[in-house]
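Notes to accompany the following structure.
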Amino acid sequence: MAKVKNKRNSGLADKVNNKRKTEINKKKLNPFEVHINREKIKVLGKKSKHDRGLPGVSRAKAIQKRKETLGTEMKLMNKTNTFIDRRIGEKNNQLSAEDRMVARFAAERAKQHSKKDIYNLADDEVLTHRGQTLEQIEKFDDPRSDDEEDEDGRKFGGLGDDFVAEGHFGGGMLSKTESKDGAKSHKDLIEQLIAESKKRKAEKQKEKEQTLDLTEKLDSEWKDLQPVVFKKMRTEEKESAIDKLLSKAEKQSFDYDKMMRELRFEKRGTPSDGLKNDEKQAKEEMARLEQLEKERMQRMIGEEVTPAKAKPDARKHRSAEDLDDNFELDDEHDFMLSYDKDGKPLVPEEVLKDYSVPNAKPKFNDGISDTSEEGEDEEESDENDDDDDDGDESEDGADKNDSEAESESDDESETTDKSQPKDNGKSKLVANDDEDSDDDDDDDDDSSVEESDSQNTNTKSKPKETAKQKTIDVNSESDLDEEILKQVIRSEAGNKTEKTEKPLNKSKEENTKVNEEIITVKSEEEEESSIEDGDDDESSIEDDDDESVLDLNDLRDLKESDAESDDLDVEYLENIEKIGKFFDVSASEGDKLKELLTGKTPAQQSTVLQNLIKSYDPSLSENNKDKLSKLFAYMLQYVNDIFSNLKEEGDVIKAFLIFDRIAPHFYDLAQTNKVSSKKFIVELLKEKYEIFKKRQRRVPDMDTLIFFKLISILYPTSDFKHPVTTPALIFLSEILTFCRFNDPYSISRGIFVTTLVLEYTILSKRLVPPAINFIRGILYLCSNTTVLNPIQVVPPFRLHKDAKILNLENDCSKMTVGTKMAAADLTLKEINDDFKIRCLASSMGILKEFFDYFSDIEAQVYLFEPHLRLISRIDLDLYPVKVVCRINEIANYMKACLEVKTFTPLSREKKRPKALRLYEPDIQEVFTGSKSSKLSREQAESQRLKSKYKKEMKGALREIRRDKSYVASVKIRQKIQSDNVRKEKVKQIYKDASIQQGELNKMKRMK
Amino acid sequence: MAAVQQNFSKMISAQLRNKANEFLNSRKHANNLADILQMFEAETDNYTPLLLTVEVIFTELLRRGDLIEGIVPLKPADHSPEGEYKRWLRQCFEAAQTRALECIRRGRTSSRLQALVTACKLMQAEGKHPLEQSTGYYFPSIRLKNIFTVLLDSELSMSAPIARFQEFTEYRDVQQYGLKVLSTLAYRKSPTSIYMQNYLELLDRLLVCEITTEPRAKAKERDNEEKEEKLLCGAEDKAPFPYNPGVCRRYANRCWGFACQWPLCEDSRVHRRALLLLVERLMPLLARPHLATDMLCDSLDAGGPISMLALQGVLELVRRHNIDYPDMYDRLYAMFEPEMFATRYKKRLLHLADIFLSSTHLPEGLVAAFAKRLARLALLAAADDAAALLQLLHNLLLRHPALKRMICHEDSPAIMSNDPYVMEETCAGASRALGSSLWEVWALRRHAAPALAAAAAAVFAAADPRATPVALAPPDLAASFDAELKKRFKTIEMNFVRPQGMTTPSGERVMQYWELMA
């Protein structure tokens, strides 16, 4: 059996060899020995082991086996000692001696991996050094053995070289003579040697003791110092009971203080992730943007492609008979509406989300309806350094303001310094004033900062004090926001009620007045200079009167000041104060905002707004969110005001400049309060829509159109459905559907609206037929039509009515015209050639963009063929060469595109036949096919065991029987053998006896 | 200024009320009546208080029976002061009526309307309390005739008073007598267009209340069921008014018969009105409606809104009276032009087209041409119109299964170089639309209005055999804007890039085409 055990360890070649050998052995089977067992019942696919057998061979095997096991046992029966050979591979004569060694070594190693040692990873082999294990050596105690001392290079036990040389080698004749006191006796020598060595040893000993002392001293000193360095943990334990009580009380008060501080101050910033380097940040930003873009695309596609998103989790149970026809038993119970004691409906959360109006929500309505907002907000706050939420305390915010203000004022003084040499002493007085005002400014600044600071803290720590104001606020707040907006819009007419200023403000207002004067003086000077500069400008503007020239220069001035990065906002400092009180007095904030912003450059307005928003950051006070949402409404009103009644080109440009600067703030405000800002914008749209519906034929003025621009800045216009942009786009398309376009006012605005439509649809590439029709109309107005040669037109443009109003009659081929529409066009009274040309040019540009939307769609032909026909009717010879080039280019491009257009008949997507749903086959663990399968698990198990037991029992009995027979045969053999021996012996005895008898007889005879 | 005038008029009305009260209370103040009637001459603009006063006075007088003159046959007229007074009152009554009628033509609109109402009220009072003693039902048709002569003015458009008159035409007796009176007035050789318009409008108003065309017996049954037919001049103690729909119909026919002889088709407004009247009201009443065929046919060729109106009449003829009309569908086809969006009757046209094209016996090619045309128009139309067109198109696809090959071409999806459909072809059947596909609807799936995009997608779902055609819902104008605003959204998405100015972070176009800040 050892053979089997060691087989694993033998080489592969041996294995093969063995196998071959056995095979050879098998092959040698005598066919006459084979006995074939007859099958009683043939079962298909059943492999039988017993179909044939070698009775002789197997019997011999069995006998051999018994001989080895039972036989040896019998041999050893009734014997006390046994001899067992456990040497590995000893009995296997197939193994060579070397193999045997290898096997034994492997067995040794394998022992180590036995179950017992499996977790002993390290100490499989204990490393030793000089008989000691390394562990024992590495105890790091200082043995201070004497051996170390020998290491300083001295040989021969530390004796001196001369002594050694003399003592060992005896010197010689020469040296002997040189020696002082002649030859010493050997005894002296020895004594000297001993004395020297003793002395040295003593010295060594002393030195060592000294170092030991020093180390011990150092250790003790360190122990003394230890409590000082570490916390004095154990000292308190030694305190007396009284002290303990006292300290406990103190601790409690400590706790109270701590609690109070915690309550007073908001939580300090917790350490967040480590600083990311720019690259990583940029990468993350990119990833975020990509994600958002992906989401936007998803929204853009909307339900267009996936009409009903399958909700697999919606259904709880599917019957096996479900035919996948989406038939569903509606067994979900409706909830029962009930009310609590306050009269509020008790409704499950998700139902509330579906049905309730935004107003009905408790307080922070933003969070409820905008599920995604929270995360976004955080992200945004990361992005915007303005409104980061990481626990800015009021002081911090104030500090920030303060420092900024100071830096601003520093800038101020610097710039004034700079400007002084420029002024060249032209007005010394002004310069003085400047300085004075600077000082004033600083003072003001400080005081105002303090004030605002104190106010902030006031509002927080002493809410009752401001309760009075709040009640007023609440009155206005409790009204629906819509009403506020309506009121705002109604006050459009401008009820400029004089604001009741506090007496405190008045003194400061004087300051502002002084400042204003200074500024006006300065700006006038600059104006003068710029007028001188702008002579060439003047020449380009031909017919305008002086006023408008001045106006334009003024505008340019504004822009320059923008470029100079907010130099001029001295007033800003005063504004801080106003900002601080902006919402406190409940008097119309709209007017205040107007007052705050009028008479400033766009850049100043921007900074003022920025500060206003910053000082009412939602993290500072919980009311601030509402206040900011109100501010949003007032800013809308302000934009409405600056864009209404634009008569001059200058006004238009100025309005747009201001809007340009304000727009980002709209974004910030809308981000902080999405729901309410959306509500404001929607209300505004409704209002404007009603106004538009009253006079449907007239194009709304810029004070309506600008909000569409604002919407496109704030909201994603590409969404398939959006609460703001979808109505806005419908509004725009209705403007283009219903209005009459027959004068420069309407045409220019129409083009503006079309551009807006283009901007709205640029990403989603949606079809807005009114816009395409409008361009067709413009082309119609440009083209040369006659009554005899009519062309199909689409409403709102009418055949033969106000045709040709944009038709160019004079030869303008030499003219140089800008390609863009200009602000001046919005205020144009009469159509001139310039206007006509630019209208055509820009509408061709827009047309091309619209054309490109639909290059993948067959209907492109139907949409744009009329345009091409109209273009061919335009007298292009009269237009400037550049424009003609561009138009021809576009027209040819379109023609080429339409020519290669192919039409694939619409066909439905090949529907794949719906496969019947398959179920997982129910596989039983054990399939017997017998009757026992009906039994339970335990019963089946016991049944199986029983049958097995029976089988085993049978086998065992048989074995025993055979064993018995074997034993019997052995015994009988033994008996026979012993009988034989006895017989032999008896025979021998008889023989001997007979011989003896014979000899006796012989002797008798002989006698 | 206005306030002063108002005060003034208030004062006048108070004064007048006093006078009227005095007059009614005692005969001593008989001269008050003369004064009041005199004041008509002084006033130029606002006759309302005067008219109201007159109305009050004479209604009261009639109710009292003060005007009734006991005429005994074969006896000389009564010359007693009592008789004189009554005669004088009668004269005043006549005068007041003529005044009121005059006032219909003059002054401000409100006073004109009041004048009409006063005239009618006087008529009503007289009907209830006739001037001669009578027991039966009495209708003062001479008064109605006077009113009608005023309303049928040749120079002045009377549409406002006629519209007001509608509140009286709801009375059955007014309707019947009105038609009778109108038929007597109608004969005129060469009326002006305004006269015709007034006439048609009046006729229109008279026919507002539906005249039953059912047989007598049934009508009687129905009468029993609902007895609350309003009578202007009826009273409890008098015999009921014998309302006869047949008579009404006869008179209406006669009225139209006169109108037919006029040159109705010259002025487009008159033409439109006439068609509207014919189509909306008269068609079921006419004894021989096929006589109108010529007019309708001419109108059908006129184009524009007129032909749309005529179309309805023709449809009626075709459906009810077995008229065979040549090229009917080609004419209908020709009406679908971009100009139709500007007309008022586009919804009517779509509705009619839906009915016309609902016949299952139409050749497929023809219906396909319509479908194609509708789709083309939907590409041009505003969202609301396009939605209506798509709905019609959807119905076409559902009713004519053969058109399904236009949305799901199954056999050979070979690529064509151009659209086989010929838009310019006037004959619908020859436009080869069946070989084409509705690519237009495919494009409309990308329409900016979400509702329309959904509708376009729904058209493609028409291939589903289980869907049924739906009635054309009247698309509400401007509904889309409000509907969009009403929708609720779970989240309010915003742009994710903070703008740095007025330029949109992604896809700025306004600044590309406009130089706004220089």
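Each chain of the structure tokens is named A, B, ... in the order shown, its residues numbered from 1; ligands are numbered from 1 in display order.
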
* To do: Kindly provide, as a ChimeraX atom specification, the residues of chain A having any atom no farther than 6 Å from an atom of chain B, counting only C-alpha atoms.
  => /A:369-370,653,660-661,663-664,713-716,727,755,759,766-769,794,820-823,858-859,902-908

Using only C-alpha atoms, determine which residues lie at most 8 Å from region 732-746 of chain A, disregarding the query and same-chain residues fewer than 5 positions distant; provide the list as a PDB file with N, CA and C atoms, in the first residue's frame.
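Result went into part-v4.pdb, see below:
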```
ATOM      1  N   GLN A 696     -52.295  91.597 -30.916  1.00  0.00           N
ATOM      2  CA  GLN A 696     -51.586  90.460 -31.458  1.00  0.00           C
ATOM      3  C   GLN A 696     -50.775  90.798 -32.702  1.00  0.00           C
ATOM      4  N   ARG A 697     -51.187  91.835 -33.377  1.00  0.00           N
ATOM      5  CA  ARG A 697     -50.510  92.131 -34.638  1.00  0.00           C
ATOM      6  C   ARG A 697     -49.191  92.855 -34.424  1.00  0.00           C
ATOM      7  N   ARG A 698     -48.997  93.368 -33.226  1.00  0.00           N
ATOM      8  CA  ARG A 698     -47.815  94.175 -32.987  1.00  0.00           C
ATOM      9  C   ARG A 698     -46.739  93.351 -32.284  1.00  0.00           C
ATOM     10  N   VAL A 699     -45.530  93.499 -32.785  1.00  0.00           N
ATOM     11  CA  VAL A 699     -44.426  92.755 -32.183  1.00  0.00           C
ATOM     12  C   VAL A 699     -44.125  93.343 -30.809  1.00  0.00           C
ATOM     13  N   PRO A 700     -43.956  92.526 -29.802  1.00  0.00           N
ATOM     14  CA  PRO A 700     -43.596  93.061 -28.489  1.00  0.00           C
ATOM     15  C   PRO A 700     -42.250  93.777 -28.532  1.00  0.00           C
ATOM     16  N   VAL A 753     -36.151  88.066 -32.876  1.00  0.00           N
ATOM     17  CA  VAL A 753     -36.884  86.900 -32.375  1.00  0.00           C
ATOM     18  C   VAL A 753     -36.419  85.634 -33.083  1.00  0.00           C
ATOM     19  N   THR A 754     -36.229  85.754 -34.399  1.00  0.00           N
ATOM     20  CA  THR A 754     -35.774  84.573 -35.147  1.00  0.00           C
ATOM     21  C   THR A 754     -34.413  84.127 -34.661  1.00  0.00           C
ATOM     22  N   VAL A 757     -34.936  82.262 -31.598  1.00  0.00           N
ATOM     23  CA  VAL A 757     -35.435  80.912 -31.872  1.00  0.00           C
ATOM     24  C   VAL A 757     -34.283  80.014 -32.292  1.00  0.00           C
ATOM     25  N   VAL A 768     -39.028  74.765 -35.940  1.00  0.00           N
ATOM     26  CA  VAL A 768     -39.943  75.838 -35.581  1.00  0.00           C
ATOM     27  C   VAL A 768     -40.416  76.476 -36.886  1.00  0.00           C
ATOM     28  N   PRO A 770     -42.700  78.661 -37.771  1.00  0.00           N
ATOM     29  CA  PRO A 770     -42.853  80.106 -37.927  1.00  0.00           C
ATOM     30  C   PRO A 770     -41.536  80.831 -38.200  1.00  0.00           C
ATOM     31  N   ALA A 771     -40.454  80.351 -37.609  1.00  0.00           N
ATOM     32  CA  ALA A 771     -39.173  81.018 -37.843  1.00  0.00           C
ATOM     33  C   ALA A 771     -38.733  80.843 -39.289  1.00  0.00           C
ATOM     34  N   PHE A 774     -40.796  82.973 -41.359  1.00  0.00           N
ATOM     35  CA  PHE A 774     -40.443  84.389 -41.247  1.00  0.00           C
ATOM     36  C   PHE A 774     -39.291  84.721 -42.184  1.00  0.00           C
ATOM     37  N   PRO A 795     -48.748  83.094 -44.541  1.00  0.00           N
ATOM     38  CA  PRO A 795     -49.111  84.059 -43.506  1.00  0.00           C
ATOM     39  C   PRO A 795     -48.032  84.056 -42.421  1.00  0.00           C
ATOM     40  N   PRO A 796     -47.777  85.151 -41.764  1.00  0.00           N
ATOM     41  CA  PRO A 796     -48.477  86.429 -41.730  1.00  0.00           C
ATOM     42  C   PRO A 796     -48.123  87.369 -42.881  1.00  0.00           C
ATOM     43  N   PHE A 797     -47.275  86.960 -43.768  1.00  0.00           N
ATOM     44  CA  PHE A 797     -46.960  87.837 -44.895  1.00  0.00           C
ATOM     45  C   PHE A 797     -48.052  87.666 -45.937  1.00  0.00           C
ATOM     46  N   ASP A 802     -47.549  95.208 -48.829  1.00  0.00           N
ATOM     47  CA  ASP A 802     -46.226  95.638 -48.364  1.00  0.00           C
ATOM     48  C   ASP A 802     -45.113  94.735 -48.903  1.00  0.00           C
ATOM     49  N   ILE A 805     -40.799  95.963 -49.667  1.00  0.00           N
ATOM     50  CA  ILE A 805     -40.335  97.066 -48.817  1.00  0.00           C
ATOM     51  C   ILE A 805     -38.868  96.890 -48.475  1.00  0.00           C
ATOM     52  N   ASP A 825     -30.621  99.351 -35.366  1.00  0.00           N
ATOM     53  CA  ASP A 825     -31.756  98.877 -36.158  1.00  0.00           C
ATOM     54  C   ASP A 825     -33.017  98.774 -35.325  1.00  0.00           C
ATOM     55  N   LEU A 826     -32.825  98.591 -34.034  1.00  0.00           N
ATOM     56  CA  LEU A 826     -33.996  98.435 -33.179  1.00  0.00           C
ATOM     57  C   LEU A 826     -34.740  99.747 -33.002  1.00  0.00           C
ATOM     58  N   THR A 827     -34.066 100.851 -33.309  1.00  0.00           N
ATOM     59  CA  THR A 827     -34.738 102.132 -33.139  1.00  0.00           C
ATOM     60  C   THR A 827     -34.929 102.847 -34.468  1.00  0.00           C
ATOM     61  N   LEU A 828     -34.744 102.104 -35.522  1.00  0.00           N
ATOM     62  CA  LEU A 828     -34.793 102.722 -36.851  1.00  0.00           C
ATOM     63  C   LEU A 828     -36.217 103.181 -37.178  1.00  0.00           C
ATOM     64  N   LYS A 829     -36.280 104.332 -37.826  1.00  0.00           N
ATOM     65  CA  LYS A 829     -37.608 104.847 -38.184  1.00  0.00           C
ATOM     66  C   LYS A 829     -37.923 104.565 -39.653  1.00  0.00           C
ATOM     67  N   GLU A 830     -36.943 104.791 -40.480  1.00  0.00           N
ATOM     68  CA  GLU A 830     -37.149 104.633 -41.916  1.00  0.00           C
ATOM     69  C   GLU A 830     -36.245 103.521 -42.419  1.00  0.00           C
ATOM     70  N   ILE A 831     -36.731 102.813 -43.391  1.00  0.00           N
ATOM     71  CA  ILE A 831     -35.889 101.757 -43.952  1.00  0.00           C
ATOM     72  C   ILE A 831     -34.861 102.385 -44.884  1.00  0.00           C
TER      73      ILE A 831
ATOM     74  N   ALA B 382     -48.469  77.089 -37.892  1.00  0.00           N
ATOM     75  CA  ALA B 382     -48.152  77.285 -36.483  1.00  0.00           C
ATOM     76  C   ALA B 382     -48.603  76.043 -35.726  1.00  0.00           C
TER      77      ALA B 382
END
```

Pairwise distance for CA of Leu275 (chain B) and CA of Arg320 (chain B), rounded to one decimal in Å:
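The value is 17.8 Å.
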
Correct to one decimal, the distance CA of Tyr853 (chain A)-CA of Ile762 (chain A) is 8.1 Å

Tell me, as number ranges by chain, which residues lie within 9 Å of Leu332 (chain B), counting only C-alpha atoms; anything in the same chain fewer than 3 positions away does not count. B: 308, 311, 327-329, 335-336, 349, 353, 356

| task | Mind checking which residues fall within 10 Å of Val881 (chain A), counting only C-alpha atoms, ignoring those fewer than 2 positions away in the same chain, and posting them as a count of residues only? | result | 14

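The two atoms in question, CA of Leu144 (chain B) and CA of Arg63 (chain B), are spaced 19.7 Å apart.
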
Checklist entry - Any idea what's packed within 12 Å of Trp256 (chain B), counting only C-alpha atoms, ignoring anything in its chain fewer than 2 positions away? Could you give it as a VMD selection string? => result chain B and resid 179 182 to 184 186 to 187 196 199 to 200 202 to 204 207 249 to 254 258 to 262 264 274 to 275 277 to 278 281 to 283 285 to 289 291 to 292

Those residues with C-alpha atoms, as an mmCIF file, in the first residue's frame please?
```
data_model
loop_
_atom_site.group_PDB
_atom_site.id
_atom_site.type_symbol
_atom_site.label_atom_id
_atom_site.label_comp_id
_atom_site.auth_asym_id
_atom_site.auth_seq_id
_atom_site.Cartn_x
_atom_site.Cartn_y
_atom_site.Cartn_z
ATOM 1 C CA LEU B 179 -90.721 86.137 -41.084
ATOM 2 C CA LEU B 182 -89.952 90.351 -43.672
ATOM 3 C CA SER B 183 -91.318 88.432 -46.641
ATOM 4 C CA THR B 184 -93.628 91.334 -47.395
ATOM 5 C CA ALA B 186 -88.278 91.919 -49.097
ATOM 6 C CA TYR B 187 -89.270 92.824 -52.589
ATOM 7 C CA MET B 196 -78.587 93.282 -48.341
ATOM 8 C CA TYR B 199 -81.540 91.971 -44.586
ATOM 9 C CA LEU B 200 -79.464 88.857 -44.402
ATOM 10 C CA LEU B 202 -82.007 90.119 -39.817
ATOM 11 C CA LEU B 203 -83.094 86.928 -41.466
ATOM 12 C CA ASP B 204 -80.259 85.174 -39.797
ATOM 13 C CA LEU B 207 -83.877 81.939 -37.721
ATOM 14 C CA ARG B 249 -90.802 77.628 -43.152
ATOM 15 C CA ARG B 250 -92.920 78.914 -45.984
ATOM 16 C CA TYR B 251 -92.210 82.510 -45.090
ATOM 17 C CA ALA B 252 -88.514 81.797 -44.647
ATOM 18 C CA ASN B 253 -88.482 80.245 -48.099
ATOM 19 C CA ARG B 254 -90.177 83.277 -49.489
ATOM 20 C CA PHE B 258 -86.450 87.295 -52.800
ATOM 21 C CA ALA B 259 -82.885 87.465 -51.641
ATOM 22 C CA CYS B 260 -81.840 84.968 -54.291
ATOM 23 C CA GLN B 261 -82.716 87.384 -57.001
ATOM 24 C CA TRP B 262 -80.305 89.984 -55.750
ATOM 25 C CA LEU B 264 -75.455 88.562 -53.697
ATOM 26 C CA ALA B 274 -75.392 85.047 -47.435
ATOM 27 C CA LEU B 275 -73.464 81.827 -47.539
ATOM 28 C CA LEU B 277 -76.945 82.224 -43.526
ATOM 29 C CA LEU B 278 -77.692 79.653 -46.161
ATOM 30 C CA ARG B 281 -79.683 78.240 -40.977
ATOM 31 C CA LEU B 282 -81.608 78.003 -44.173
ATOM 32 C CA MET B 283 -80.446 74.806 -45.744
ATOM 33 C CA LEU B 285 -85.684 74.788 -44.204
ATOM 34 C CA LEU B 286 -85.560 75.270 -47.914
ATOM 35 C CA ALA B 287 -88.223 73.504 -49.923
ATOM 36 C CA ARG B 288 -86.004 73.009 -52.891
ATOM 37 C CA PRO B 289 -82.468 73.399 -51.743
ATOM 38 C CA LEU B 291 -81.965 75.609 -56.415
ATOM 39 C CA ALA B 292 -79.080 76.973 -54.395
#
```

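For the choices B:Leu62, B:Ala96, B:Leu151, B:Val422, the atom-to-atom distance to Ala125 (chain B) is smallest for B:Leu62 when using only C-alpha atoms.
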
Report task. Could you give me, as number ranges by chain, the residues within 9 Å of region 192-194 of chain B, counting only C-alpha atoms and dropping anything in the same chain fewer than 3 positions from it? Result -> B: 152-158, 197-199, 263-264, 266-267, 269-270

Selection from above, N, CA and C atoms, as a PDB file, in the first residue's frame, can you write it?
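Written output follows (part-v1.pdb):
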```
ATOM      1  N   LEU B 152     -83.896  97.736 -41.839  1.00  0.00           N
ATOM      2  CA  LEU B 152     -83.389  97.451 -43.184  1.00  0.00           C
ATOM      3  C   LEU B 152     -83.007  98.742 -43.860  1.00  0.00           C
ATOM      4  N   ASP B 153     -82.027  99.384 -43.334  1.00  0.00           N
ATOM      5  CA  ASP B 153     -81.615 100.664 -43.895  1.00  0.00           C
ATOM      6  C   ASP B 153     -80.689 100.409 -45.074  1.00  0.00           C
ATOM      7  N   SER B 154     -80.699 101.327 -45.976  1.00  0.00           N
ATOM      8  CA  SER B 154     -79.869 101.135 -47.168  1.00  0.00           C
ATOM      9  C   SER B 154     -78.480 101.711 -47.001  1.00  0.00           C
ATOM     10  N   GLU B 155     -78.350 102.663 -46.115  1.00  0.00           N
ATOM     11  CA  GLU B 155     -77.035 103.297 -46.003  1.00  0.00           C
ATOM     12  C   GLU B 155     -76.295 102.890 -44.727  1.00  0.00           C
ATOM     13  N   LEU B 156     -77.095 102.636 -43.702  1.00  0.00           N
ATOM     14  CA  LEU B 156     -76.483 102.478 -42.391  1.00  0.00           C
ATOM     15  C   LEU B 156     -76.446 100.985 -42.016  1.00  0.00           C
ATOM     16  N   SER B 157     -75.263 100.554 -41.582  1.00  0.00           N
ATOM     17  CA  SER B 157     -75.167  99.151 -41.156  1.00  0.00           C
ATOM     18  C   SER B 157     -75.831  99.008 -39.797  1.00  0.00           C
ATOM     19  N   MET B 158     -76.763  98.101 -39.734  1.00  0.00           N
ATOM     20  CA  MET B 158     -77.563  97.975 -38.519  1.00  0.00           C
ATOM     21  C   MET B 158     -77.178  96.720 -37.730  1.00  0.00           C
ATOM     22  N   GLN B 197     -76.971  93.320 -46.628  1.00  0.00           N
ATOM     23  CA  GLN B 197     -76.343  92.801 -45.426  1.00  0.00           C
ATOM     24  C   GLN B 197     -77.294  92.856 -44.248  1.00  0.00           C
ATOM     25  N   ASN B 198     -77.947  94.001 -44.114  1.00  0.00           N
ATOM     26  CA  ASN B 198     -78.899  94.146 -43.024  1.00  0.00           C
ATOM     27  C   ASN B 198     -79.986  93.096 -43.130  1.00  0.00           C
ATOM     28  N   TYR B 199     -80.459  92.909 -44.338  1.00  0.00           N
ATOM     29  CA  TYR B 199     -81.540  91.971 -44.586  1.00  0.00           C
ATOM     30  C   TYR B 199     -81.116  90.560 -44.196  1.00  0.00           C
ATOM     31  N   PRO B 263     -78.113  90.485 -56.557  1.00  0.00           N
ATOM     32  CA  PRO B 263     -76.721  90.128 -56.878  1.00  0.00           C
ATOM     33  C   PRO B 263     -75.914  89.931 -55.596  1.00  0.00           C
ATOM     34  N   LEU B 264     -76.083  88.789 -55.000  1.00  0.00           N
ATOM     35  CA  LEU B 264     -75.455  88.562 -53.697  1.00  0.00           C
ATOM     36  C   LEU B 264     -73.949  88.364 -53.809  1.00  0.00           C
ATOM     37  N   GLU B 266     -71.692  89.822 -55.505  1.00  0.00           N
ATOM     38  CA  GLU B 266     -70.787  90.880 -55.953  1.00  0.00           C
ATOM     39  C   GLU B 266     -69.896  91.369 -54.831  1.00  0.00           C
ATOM     40  N   ASP B 267     -70.543  91.708 -53.734  1.00  0.00           N
ATOM     41  CA  ASP B 267     -69.742  92.173 -52.608  1.00  0.00           C
ATOM     42  C   ASP B 267     -69.336  90.959 -51.770  1.00  0.00           C
ATOM     43  N   ARG B 269     -68.382  90.632 -48.714  1.00  0.00           N
ATOM     44  CA  ARG B 269     -68.913  90.524 -47.350  1.00  0.00           C
ATOM     45  C   ARG B 269     -70.352  90.031 -47.374  1.00  0.00           C
ATOM     46  N   VAL B 270     -71.105  90.603 -48.316  1.00  0.00           N
ATOM     47  CA  VAL B 270     -72.485  90.161 -48.455  1.00  0.00           C
ATOM     48  C   VAL B 270     -72.515  88.688 -48.826  1.00  0.00           C
TER      49      VAL B 270
END
```
